[in-house]
Structures are given as C-alpha cells and as structure tokens.
>>> print(open('input_19.cif').read())   # mmCIF, C-alpha atoms
data_my_file
#
loop_
_atom_site.label_atom_id
_atom_site.label_comp_id
_atom_site.auth_asym_id
_atom_site.auth_seq_id
_atom_site.Cartn_x
_atom_site.Cartn_y
_atom_site.Cartn_z
CA MET A 1 -19.67 -25.93 -116.17
CA THR A 2 -21.29 -28.63 -118.30
CA LYS A 3 -25.08 -28.40 -118.30
CA ILE A 4 -27.37 -31.42 -118.07
CA LYS A 5 -30.08 -32.46 -120.54
CA LEU A 6 -32.27 -35.49 -119.86
CA CYS A 7 -34.02 -36.36 -123.11
CA GLY A 8 -36.98 -38.50 -124.09
CA LEU A 9 -39.17 -37.93 -121.03
CA SER A 10 -42.76 -39.05 -121.59
CA ARG A 11 -44.42 -39.94 -118.28
CA LEU A 12 -45.49 -38.01 -115.21
CA CYS A 13 -43.06 -40.02 -113.08
CA ASP A 14 -40.25 -38.86 -115.41
CA ILE A 15 -41.24 -35.25 -114.78
CA GLU A 16 -41.44 -35.82 -111.02
CA ALA A 17 -37.95 -37.31 -111.10
CA ALA A 18 -36.67 -34.35 -113.12
CA ASN A 19 -38.19 -31.94 -110.60
CA GLU A 20 -36.12 -33.61 -107.88
CA ILE A 21 -32.92 -33.91 -109.91
CA ARG A 22 -33.15 -30.43 -111.48
CA PRO A 23 -31.36 -30.82 -114.82
CA ASP A 24 -30.90 -27.68 -116.92
CA TYR A 25 -32.97 -29.13 -119.77
CA ILE A 26 -35.40 -31.95 -120.45
CA GLY A 27 -36.40 -33.14 -123.90
CA PHE A 28 -39.73 -34.14 -125.44
CA VAL A 29 -39.42 -36.19 -128.63
CA PHE A 30 -41.95 -35.23 -131.29
CA SER A 31 -40.52 -37.44 -134.05
CA GLN A 32 -43.21 -40.04 -134.65
CA LYS A 33 -40.77 -42.75 -135.72
CA SER A 34 -39.06 -42.65 -132.33
CA LYS A 35 -39.99 -45.09 -129.58
CA ARG A 36 -39.88 -42.06 -127.27
CA TYR A 37 -42.47 -40.13 -129.27
CA ILE A 38 -44.89 -38.02 -127.26
CA ARG A 39 -48.00 -36.24 -128.51
CA PRO A 40 -47.90 -32.44 -128.21
CA GLU A 41 -51.04 -32.54 -126.03
CA LYS A 42 -49.34 -34.92 -123.60
CA ALA A 43 -46.21 -32.79 -123.57
CA ALA A 44 -48.32 -29.74 -122.70
CA GLU A 45 -49.79 -31.61 -119.72
CA LEU A 46 -46.34 -32.64 -118.51
CA LYS A 47 -44.92 -29.16 -119.01
CA LYS A 48 -47.49 -27.83 -116.52
CA ARG A 49 -46.08 -30.20 -113.89
CA LEU A 50 -42.43 -29.36 -114.61
CA CYS A 51 -40.43 -27.03 -112.39
CA PRO A 52 -40.38 -23.69 -114.26
CA ASP A 53 -36.60 -23.27 -114.08
CA ILE A 54 -36.04 -26.43 -116.17
CA LYS A 55 -36.04 -25.59 -119.88
CA THR A 56 -37.99 -27.80 -122.27
CA VAL A 57 -36.52 -28.85 -125.62
CA GLY A 58 -38.62 -30.29 -128.44
CA VAL A 59 -36.92 -32.85 -130.69
CA PHE A 60 -38.10 -32.88 -134.32
CA THR A 61 -37.22 -34.62 -137.58
CA ASP A 62 -38.03 -32.72 -140.78
CA GLU A 63 -41.15 -31.18 -139.26
CA LYS A 64 -42.87 -28.20 -140.87
CA PRO A 65 -41.35 -25.02 -139.38
CA GLU A 66 -44.83 -23.64 -138.68
CA ASN A 67 -45.66 -26.63 -136.45
CA ILE A 68 -42.47 -26.20 -134.45
CA ALA A 69 -43.02 -22.47 -134.13
CA ALA A 70 -46.54 -23.07 -132.80
CA LEU A 71 -45.21 -25.27 -130.00
CA LEU A 72 -42.51 -22.75 -129.18
CA GLU A 73 -44.95 -19.84 -129.09
CA SER A 74 -47.39 -21.80 -126.93
CA GLY A 75 -44.70 -22.35 -124.30
CA VAL A 76 -44.87 -26.15 -124.41
CA ILE A 77 -41.20 -26.04 -125.41
CA GLU A 78 -38.63 -23.27 -125.19
CA ILE A 79 -35.99 -24.61 -127.58
CA ALA A 80 -36.26 -26.58 -130.85
CA GLN A 81 -33.84 -29.43 -131.59
CA LEU A 82 -33.58 -30.54 -135.23
CA HIS A 83 -32.55 -34.11 -136.05
CA GLY A 84 -33.44 -34.46 -139.73
CA LEU A 85 -32.15 -33.10 -143.02
CA GLU A 86 -32.87 -29.48 -142.14
CA ASP A 87 -30.47 -27.02 -143.81
CA ASP A 88 -29.45 -23.46 -142.92
CA LYS A 89 -32.34 -22.02 -144.93
CA TYR A 90 -34.74 -24.07 -142.78
CA VAL A 91 -33.00 -22.99 -139.55
CA ARG A 92 -33.18 -19.31 -140.51
CA GLN A 93 -36.84 -19.63 -141.49
CA LEU A 94 -37.67 -21.21 -138.14
CA LYS A 95 -35.80 -18.51 -136.23
CA LEU A 96 -37.67 -15.82 -138.14
CA LEU A 97 -40.99 -17.44 -137.28
CA CYS A 98 -40.46 -17.58 -133.54
CA LYS A 99 -37.12 -16.03 -132.55
CA LYS A 100 -36.43 -18.88 -130.13
CA PRO A 101 -33.19 -20.87 -129.69
CA VAL A 102 -32.49 -23.72 -132.11
CA ILE A 103 -30.21 -26.73 -131.65
CA GLN A 104 -29.15 -28.58 -134.81
CA ALA A 105 -27.97 -32.18 -134.49
CA PHE A 106 -25.08 -33.59 -136.51
CA GLN A 107 -24.07 -37.20 -136.89
CA ILE A 108 -20.31 -37.24 -136.42
CA GLN A 109 -18.42 -39.71 -138.58
CA THR A 110 -15.67 -37.67 -140.22
CA ALA A 111 -13.80 -34.39 -139.75
CA TYR A 112 -16.03 -32.84 -142.43
CA ASP A 113 -19.04 -33.32 -140.16
CA ILE A 114 -17.33 -31.02 -137.66
CA VAL A 115 -16.83 -28.40 -140.37
CA ARG A 116 -20.55 -28.55 -141.18
CA ALA A 117 -21.48 -28.26 -137.51
CA GLY A 118 -19.19 -25.29 -137.09
CA GLN A 119 -20.96 -23.46 -139.93
CA SER A 120 -24.53 -24.16 -138.77
CA ALA A 121 -26.89 -21.18 -138.47
CA ALA A 122 -28.38 -22.72 -135.31
CA ASP A 123 -27.72 -21.27 -131.86
CA PHE A 124 -26.22 -24.55 -130.69
CA VAL A 125 -25.18 -27.79 -132.32
CA LEU A 126 -25.60 -31.29 -130.93
CA LEU A 127 -22.93 -33.86 -131.79
CA ASP A 128 -24.12 -37.45 -131.87
CA ALA A 129 -23.23 -40.87 -133.22
CA GLY A 130 -26.62 -41.13 -134.91
CA ALA A 131 -30.29 -40.43 -134.35
CA GLY A 132 -30.96 -42.27 -131.11
CA ALA A 133 -28.26 -44.85 -131.75
CA GLY A 134 -27.27 -44.99 -128.09
CA THR A 135 -23.59 -45.39 -128.99
CA THR A 136 -20.57 -43.14 -128.69
CA PHE A 137 -18.55 -41.80 -131.60
CA ASP A 138 -14.83 -41.00 -131.90
CA TRP A 139 -14.49 -38.05 -129.52
CA LYS A 140 -11.05 -37.24 -130.98
CA LEU A 141 -12.88 -35.79 -133.98
CA ILE A 142 -14.35 -32.93 -131.97
CA THR A 143 -11.46 -31.76 -129.82
CA ASN A 144 -10.95 -28.64 -131.95
CA ILE A 145 -14.53 -27.51 -132.53
CA LYS A 146 -14.82 -23.77 -131.90
CA ARG A 147 -18.44 -23.37 -130.78
CA PRO A 148 -20.55 -24.52 -127.81
CA TYR A 149 -22.17 -27.91 -128.31
CA PHE A 150 -24.36 -30.52 -126.71
CA LEU A 151 -22.54 -33.85 -126.50
CA ALA A 152 -24.78 -36.88 -127.12
CA GLY A 153 -24.52 -40.51 -128.09
CA GLY A 154 -24.10 -43.40 -125.69
CA LEU A 155 -23.52 -41.28 -122.59
CA ASN A 156 -24.11 -42.66 -119.10
CA ALA A 157 -23.04 -42.04 -115.51
CA GLU A 158 -19.78 -43.93 -116.06
CA ASN A 159 -18.44 -42.35 -119.26
CA ILE A 160 -19.63 -38.78 -118.81
CA VAL A 161 -16.76 -37.96 -116.43
CA PRO A 162 -13.95 -38.68 -118.93
CA ALA A 163 -16.02 -36.93 -121.60
CA ILE A 164 -16.22 -33.73 -119.56
CA ARG A 165 -12.56 -33.88 -118.61
CA SER A 166 -11.37 -34.21 -122.20
CA LEU A 167 -14.00 -32.24 -124.13
CA HIS A 168 -15.63 -29.69 -121.81
CA PRO A 169 -18.94 -29.68 -123.70
CA TYR A 170 -21.50 -26.96 -123.12
CA ALA A 171 -24.04 -29.65 -122.21
CA ALA A 172 -24.32 -33.41 -121.86
CA ASP A 173 -27.42 -34.93 -123.47
CA VAL A 174 -28.51 -38.39 -122.33
CA SER A 175 -31.48 -40.61 -123.17
CA SER A 176 -30.87 -44.36 -123.47
CA GLY A 177 -28.15 -44.15 -120.81
CA ILE A 178 -30.77 -43.31 -118.18
CA GLU A 179 -33.21 -46.05 -119.15
CA THR A 180 -34.01 -49.55 -117.97
CA CYS A 181 -36.07 -51.77 -120.29
CA GLY A 182 -36.92 -48.78 -122.48
CA TYR A 183 -38.21 -46.51 -119.70
CA LYS A 184 -36.55 -43.70 -117.82
CA ASP A 185 -34.95 -44.92 -114.59
CA LYS A 186 -34.92 -42.35 -111.76
CA ALA A 187 -31.82 -43.86 -110.16
CA LYS A 188 -29.89 -43.67 -113.43
CA MET A 189 -31.14 -40.12 -114.04
CA ALA A 190 -29.91 -39.08 -110.61
CA ALA A 191 -26.57 -40.87 -111.01
CA PHE A 192 -25.90 -39.15 -114.33
CA ALA A 193 -26.68 -35.72 -112.96
CA ALA A 194 -24.58 -36.36 -109.86
CA ALA A 195 -21.60 -37.44 -111.98
CA VAL A 196 -21.78 -34.25 -114.06
CA ARG A 197 -22.12 -32.03 -111.01
CA LYS A 198 -19.30 -33.73 -109.16
CA GLU A 199 -16.98 -33.19 -112.12
CA ASN A 200 -18.14 -29.60 -112.50
CA ALA A 201 -17.24 -28.96 -108.86
CA ILE A 202 -13.62 -30.01 -109.27
#
>>> encode(input="input_19.cif", output="structure tokens")
Amino acid sequence: MTKIKLCGLSRLCDIEAANEIRPDYIGFVFSQKSKRYIRPEKAAELKKRLCPDIKTVGVFTDEKPENIAALLESGVIEIAQLHGLEDDKYVRQLKLLCKKPVIQAFQIQTAYDIVRAGQSAADFVLLDAGAGAGTTFDWKLITNIKRPYFLAGGLNAENIVPAIRSLHPYAADVSSGIETCGYKDKAKMAAFAAAVRKENAI
C-alpha cells in the first residue's frame, strides 16, 4: 500500500483541502531558497487546523540540527526531511536530539546514488531527480533498492499509476504535480490521491 505525501502546502485553503483528501503526510518547506518556503510561525498556525491523523513533515536544507529538533519537539512537525548536504553524522546527531523519524533525500543520477541511499542512517530515504526539479528520473535505477523509500520527482495523477505498478514505493511524494500557476490545486491534489488509492485497491 503506497502512502501519499502532499508537499509544499502553505495556505489555509491547502490545509482545508488536505483535511478532505486525507493524505498520510503533508509537507511544510522551511528552506528559504524555495518558492514554497513557509515561516515556522505560519506552519504552526496551519498545523492547528490540520486533521490530527495527517502527519506533518518539515523539509530542510542544511539547517542547524537544533533548529529542526525544536520544531519537532514543539509538535509543529513530526518528521524531518533533509534535502541538503547532510551526512550520516548529521542524521545521527539530529536523531539523538529529538528521537523523531528522519527522511534523507537523494538525487538519483547513477547506480552509486542508490548505494548511498541504501546506506543512509535515516529512517527513510526519498529518491528524487533533484531538489524541487519537478522532473522524473530513470526509475530503472531503483528497481533493486532494498529499503522503504519515498518516490519523488515529477509525479502527477497520470504517471503515479505506472510508478506504483513497477516500483511499489513506500510513499509517493508530490508537489509541483498538484499545482496550477505555482499554487496548490485542490482538484489535482484529489486526483493524485484518488489515483494512488485506486491502484492500492487492485
């Protein structure tokens, strides 16, 4: 059963849509260089309006571990997702600080990237074409990975079905594929979730 993660939510209407659609995870982006950046204070406000059975993931790029741990301990987020140059020492330090789940993202270009992902100290890995690139990568590279992973990169309601059929990822992570003109689109959010659930039911 592939889980659903809708990432880059930043408005109250996004949260209201998520409450109706009920994904397994939603993501708040705390990387300031991202166009989807959200202030921690705003995320805290939105978290209060989110259905409690939807887990919140915070996306970070080379942030100080103490800052991530503070957000995890406060309950604004429940899982940290790392998209920078963080190494295993960093991951272990973060886990010692807060003992919360960690997802480490890897840009997949070669078979060696899969080896690195397989050795990560994080609880989960996320396999992507690039940081917010909105494009797919060569899925043939990851057919033999031995650990649960979040599949990301250029996913949408149309291509997620063949992805699930061939790869069986732990979770499908979508951001640009559920947007229109740079903003989350409720219809696209719902269509993506419906496609995943329909395939899961087969």
>>> closest_atom_pairs(input="input_19.cif", of="range 14-130 of chain A", to="range 166-170 of chain A", cutoff="12 Å", atoms="all atoms listed in the file", output="CSV")
residue,atom,partner,partner_atom,distance
A:Asp24,CA,A:Tyr170,CA,11.3
A:Phe124,CA,A:Tyr170,CA,9.2
A:Val125,CA,A:Tyr170,CA,9.9
A:Leu126,CA,A:Tyr170,CA,9.8
A:Leu127,CA,A:Pro169,CA,9.9
>>> resolve_selection(input="input_19.cif", expression="the PyMOL selection byres ((chain A and resi 164) around 12)", output="number ranges by chain")
A: 1-4, 139, 143, 150-152, 155-163, 165-173, 195-202
>>> write_last_selection(input="input_19.cif", atoms="C-alpha atoms", output="PDB file, keeping the file's coordinate frame")
ATOM      1  CA  MET A   1     -19.670 -25.930-116.170  1.00  0.00           C
ATOM      2  CA  THR A   2     -21.290 -28.630-118.300  1.00  0.00           C
ATOM      3  CA  LYS A   3     -25.080 -28.400-118.300  1.00  0.00           C
ATOM      4  CA  ILE A   4     -27.370 -31.420-118.070  1.00  0.00           C
ATOM      5  CA  TRP A 139     -14.490 -38.050-129.520  1.00  0.00           C
ATOM      6  CA  THR A 143     -11.460 -31.760-129.820  1.00  0.00           C
ATOM      7  CA  PHE A 150     -24.360 -30.520-126.710  1.00  0.00           C
ATOM      8  CA  LEU A 151     -22.540 -33.850-126.500  1.00  0.00           C
ATOM      9  CA  ALA A 152     -24.780 -36.880-127.120  1.00  0.00           C
ATOM     10  CA  LEU A 155     -23.520 -41.280-122.590  1.00  0.00           C
ATOM     11  CA  ASN A 156     -24.110 -42.660-119.100  1.00  0.00           C
ATOM     12  CA  ALA A 157     -23.040 -42.040-115.510  1.00  0.00           C
ATOM     13  CA  GLU A 158     -19.780 -43.930-116.060  1.00  0.00           C
ATOM     14  CA  ASN A 159     -18.440 -42.350-119.260  1.00  0.00           C
ATOM     15  CA  ILE A 160     -19.630 -38.780-118.810  1.00  0.00           C
ATOM     16  CA  VAL A 161     -16.760 -37.960-116.430  1.00  0.00           C
ATOM     17  CA  PRO A 162     -13.950 -38.680-118.930  1.00  0.00           C
ATOM     18  CA  ALA A 163     -16.020 -36.930-121.600  1.00  0.00           C
ATOM     19  CA  ARG A 165     -12.560 -33.880-118.610  1.00  0.00           C
ATOM     20  CA  SER A 166     -11.370 -34.210-122.200  1.00  0.00           C
ATOM     21  CA  LEU A 167     -14.000 -32.240-124.130  1.00  0.00           C
ATOM     22  CA  HIS A 168     -15.630 -29.690-121.810  1.00  0.00           C
ATOM     23  CA  PRO A 169     -18.940 -29.680-123.700  1.00  0.00           C
ATOM     24  CA  TYR A 170     -21.500 -26.960-123.120  1.00  0.00           C
ATOM     25  CA  ALA A 171     -24.040 -29.650-122.210  1.00  0.00           C
ATOM     26  CA  ALA A 172     -24.320 -33.410-121.860  1.00  0.00           C
ATOM     27  CA  ASP A 173     -27.420 -34.930-123.470  1.00  0.00           C
ATOM     28  CA  ALA A 195     -21.600 -37.440-111.980  1.00  0.00           C
ATOM     29  CA  VAL A 196     -21.780 -34.250-114.060  1.00  0.00           C
ATOM     30  CA  ARG A 197     -22.120 -32.030-111.010  1.00  0.00           C
ATOM     31  CA  LYS A 198     -19.300 -33.730-109.160  1.00  0.00           C
ATOM     32  CA  GLU A 199     -16.980 -33.190-112.120  1.00  0.00           C
ATOM     33  CA  ASN A 200     -18.140 -29.600-112.500  1.00  0.00           C
ATOM     34  CA  ALA A 201     -17.240 -28.960-108.860  1.00  0.00           C
ATOM     35  CA  ILE A 202     -13.620 -30.010-109.270  1.00  0.00           C
TER      36      ILE A 202
END
>>> resolve_selection(input="input_19.cif", expression="the PyMOL selection byres ((chain A and resi 7) around 6)", output="MDAnalysis selection string")
chainID A and resid 6 8:9 26:27 174:175
>>> atom_distance(input="input_19.cif", atom1="CA of Tyr37 in chain A", atom2="CA of Ser10 in chain A")
7.8 Å
>>> residues_around(input="input_19.cif", residues="range 38-41 of chain A", least_positions_apart="6", cutoff="9 Å", atoms="all atoms listed in the file", output="list of chain:residue names")
A:Gly8, A:Leu9, A:Ser10, A:Phe28, A:Val29, A:Phe30, A:Ser31, A:Gln32, A:Leu71, A:Val76
>>> resolve_selection(input="input_19.cif", expression="the PyMOL selection byres ((chain A and resi 75) around 12)", output="ChimeraX atom specification")
/A:40,43-48,52,55-58,68-74,76-80,98,100
>>> residues_around(input="input_19.cif", residues="Cys51 in chain A", least_positions_apart="6", cutoff="10 Å", atoms="all atoms listed in the file", output="compact mmCIF listing (two decimals) with C-alpha atoms, keeping the file's coordinate frame")
# COMPACT_ATOMS: atom_id res chain seq x y z
CA ILE A 15 -41.24 -35.25 -114.78
CA GLU A 16 -41.44 -35.82 -111.02
CA ALA A 18 -36.67 -34.35 -113.12
CA ASN A 19 -38.19 -31.94 -110.60
CA GLU A 20 -36.12 -33.61 -107.88
CA ARG A 22 -33.15 -30.43 -111.48
>>> atom_distance(input="input_19.cif", atom1="CA of Lys146 in chain A", atom2="CA of Val59 in chain A")
23.9 Å
